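Enquirer: Have a look at this one.
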Amino acid sequence: MKNREEREDRDKLIQYMAMHSIYPIMSPRGKIYLRCSNKEFLDEEKRREIINKLNIRSKMECTKIREEIKRLISSEKKNRSIKEWVKEERPREMLVEYGAEVLPSAKLLAIILRTGKEGASAEELSRRILNKFRTLRNIDSAHISEICKIEGIGIAKAAQIKAAFELGKRLIKEKAEKKVKIKRPEDIIDHVLDYYGPYLRDKKKEFFYVVLLDTKNHPIHNIEISKGGINSSIVEPKEIVKEAALRSATALILVHNHPSGDVSPSKEDMSLTQRIIKACNIMDIRVLDHIIIGKNRNDYFSFNASGFI
């Protein structure tokens, strides 16, 4: 009877460890540790209970229990939706209880995906995505068709992921738009990097934009002038002047990206900037700056800051 009770207690402990991904580890000095990604499920009292009842004495026993836990997790999660997970393990409930900022990326993606597919849970699908693309930025820049190549991810789930990333970028743009007034050259750089950076840093083609401003230097409109090949854009100064005049703009900012990541202005960039400045001077429109955007936030070139405007 006692042996049976001990086995039942052990099984319950192993199940608890599997539920919360708790693994035993033996140090080089022979001390037993328990590893858990979320310490909310492993307080000091529970840790002592697990170590004492399992009575692990060797590294081999640690390995054996870890493999047992992995098999149990695999079999338990294989065909379960998030609704069937234990409450403490469900990503949505964890977000509500502890806040979105403490959840790992896999669980946040699982909330977006909502359900699993083809014998895999939503979180397992999330891990497949993260393992393939490595970073959230790579996922954001990937085409839907590329995301759909992952087993278990169809058009609907790929669209959900792209929509979530787009909302994040629009939040950044929204914050940039709320800047009341551009007062200093640094404000121009901050506005451009916040508003355009998330969209242009990973583009494979070159895009050219113009930010129009009113008499108080409030941004009033953003215009896409052109998008070209990897190394070139076709921009007509008269088109920029026309757009500025139609919207009664008194100043403007030029923006474009370098897909190569090298933000050094080319001879064409220098020449085009001077042509636009001359065209705008005729209409008494000021060109405040021309910003070239690279791959990262700190990768940019300001014509104004560099003394070219």
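Residues in the structure tokens are named by chain (A, B, ... in the order shown) and by number from 1 within that chain; ligands are numbered from 1 in the order shown.
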Among the residues of segment 189-281 of chain A, find those DSSP assigns to alpha helix (DSSP H) from the backbone and print them as number ranges by chain.

Expert: A: 189-195, 197-200, 237-246, 267-281

Enquirer: Fewer than 4 positions away in the same chain doesn't count, so skip those; otherwise give me all residues within 9 Å of Ile285 of chain A, counting only C-alpha atoms, as a list in words.

Expert: Val241, Ala244, Ala245, Ala249, Thr250, Ala251, Leu252, Ile277, Ala279, Cys280 and Asn281 of chain A

Enquirer: Looking at only C-alpha atoms, which of A:Arg92, A:Gly152, A:Glu49, A:Arg286 is the one that sits closest to Leu213 of chain A?

Expert: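 Closest to Leu213 of chain A of all the choices is A:Arg286.
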
Enquirer: Using Å and a single decimal, report how far atom CA of Ile32 of chain A sits from atom CA of Asn52 of chain A.

Expert: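 One can read the atom CA of Asn52 of chain A to atom CA of Ile32 of chain A distance as 10.3 Å.
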
Enquirer: In terms of the shortest atom-to-atom distance over only C-alpha atoms, which of A:Pro28, A:Arg128, A:Tyr195, A:Val102 is closest to Ile147 of chain A?

Expert: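 Result for the nearest residue to Ile147 of chain A: A:Arg128.
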
Enquirer: If you count only C-alpha atoms, which residues fall within 8 Å of segment 4-14 of chain A, apart from same-chain ones fewer than 2 positions away, as a PyMOL selection string?

Expert: chain A and resi 1-2+16-18+50+53-54+65+69

Enquirer: Write out, as an mmCIF file, in the first residue's frame, the residues just selected, with C-alpha atoms.

Expert:
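New file again_23.cif:
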data_model
loop_
_atom_site.group_PDB
_atom_site.id
_atom_site.type_symbol
_atom_site.label_atom_id
_atom_site.label_comp_id
_atom_site.auth_asym_id
_atom_site.auth_seq_id
_atom_site.Cartn_x
_atom_site.Cartn_y
_atom_site.Cartn_z
ATOM 1 C CA MET A 1 0.000 0.000 0.000
ATOM 2 C CA LYS A 2 2.784 2.382 0.972
ATOM 3 C CA TYR A 16 3.019 19.141 -11.771
ATOM 4 C CA MET A 17 6.548 19.567 -13.101
ATOM 5 C CA ALA A 18 5.379 18.813 -16.636
ATOM 6 C CA ILE A 50 9.771 18.085 -5.007
ATOM 7 C CA LYS A 53 9.941 13.332 -2.396
ATOM 8 C CA LEU A 54 11.757 12.503 -5.626
ATOM 9 C CA ILE A 65 13.165 12.506 -14.922
ATOM 10 C CA ILE A 69 8.726 15.261 -18.151
#

Enquirer: Could you tell me how far atom CA of Ile150 of chain A sits from atom CA of Ser126 of chain A, in Å to one decimal place?

Expert: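 Distance between the two atoms: 10.1 Å.
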
Enquirer: Between atom CA of His20 of chain A and atom CA of Ala122 of chain A, what is the distance, to one decimal in Å?

Expert: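 About the pair atom CA of His20 of chain A and atom CA of Ala122 of chain A: they are 16.5 Å apart.
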
Enquirer: As JSON, numbers by chain, please: every residue in segment 59-220 of chain A that DSSP puts in strand (DSSP E or B).

Expert: {"A": [117, 120, 207, 208, 209, 210, 211, 212, 213, 219, 220]}

Enquirer: Mind dumping the selected residues with N, CA and C atoms as a compact mmCIF listing (two decimals), in the first residue's frame?

Expert:
# COMPACT_ATOMS: atom_id res chain seq x y z
N LYS A 117 -2.86 23.56 -34.68
CA LYS A 117 -3.24 22.94 -35.94
C LYS A 117 -2.38 21.71 -36.18
N ALA A 120 -0.43 20.19 -33.20
CA ALA A 120 0.48 21.08 -32.47
C ALA A 120 -0.32 22.18 -31.80
N PHE A 207 12.33 53.89 -51.27
CA PHE A 207 11.12 54.71 -51.23
C PHE A 207 11.52 56.15 -50.94
N PHE A 208 10.79 57.08 -51.54
CA PHE A 208 11.04 58.50 -51.32
C PHE A 208 9.76 59.17 -50.85
N TYR A 209 9.82 59.82 -49.67
CA TYR A 209 8.66 60.48 -49.09
C TYR A 209 8.96 61.95 -48.83
N VAL A 210 7.86 62.72 -48.74
CA VAL A 210 7.97 64.12 -48.35
C VAL A 210 6.99 64.38 -47.22
N VAL A 211 7.48 65.01 -46.15
CA VAL A 211 6.63 65.44 -45.04
C VAL A 211 6.37 66.93 -45.22
N LEU A 212 5.10 67.30 -45.35
CA LEU A 212 4.72 68.71 -45.51
C LEU A 212 4.38 69.32 -44.16
N LEU A 213 4.80 70.58 -43.94
CA LEU A 213 4.55 71.26 -42.67
C LEU A 213 3.87 72.61 -42.91
N PRO A 219 3.59 68.92 -38.79
CA PRO A 219 3.42 68.03 -39.95
C PRO A 219 1.94 67.95 -40.32
N ILE A 220 1.62 68.21 -41.58
CA ILE A 220 0.22 68.20 -42.01
C ILE A 220 -0.09 67.11 -43.03

Enquirer: Of the candidates A:Arg137, A:Arg35, A:His256, A:Lys242, which shows the shortest atom-to-atom distance to Ile282 of chain A, using only C-alpha atoms?

Expert: A:Lys242

Enquirer: Counting only C-alpha atoms, what is within 10 Å of Thr273 of chain A, bar same-chain residues fewer than 3 positions away, as a list in words?

Expert: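 Once the adjacent positions are removed, what remains is Pro237, Leu254, Lys267, Glu268, Asp269, Met270, Ile276, Ile277, Lys278, Ala279, Val287, Asp289, His290, Phe303, Phe308 and Ile309 of chain A.
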
Enquirer: Need the shell around segment 163-170 of chain A: protein/DNA/RNA residues with any atom at most 9 Å away, counting only C-alpha atoms. Skip same-chain ones fewer than 5 positions apart. Format as a ChimeraX atom specification?

Expert: /A:112,136,139-140,158,175,195,198-199

Enquirer: Write the selection just made, keeping C-alpha atoms, as a compact mmCIF listing (two decimals), in the first residue's frame?

Expert:
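Okay, this is what ended up in selection.txt:
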# COMPACT_ATOMS: atom_id res chain seq x y z
CA ILE A 112 -2.45 35.95 -31.65
CA LEU A 136 10.44 39.48 -34.35
CA ILE A 139 8.91 37.89 -38.88
CA ASP A 140 7.62 41.41 -39.52
CA ALA A 158 -0.14 34.34 -41.22
CA LYS A 175 2.93 58.60 -31.12
CA TYR A 195 7.19 57.66 -38.23
CA PRO A 198 9.50 50.86 -38.73
CA TYR A 199 8.29 50.75 -42.33
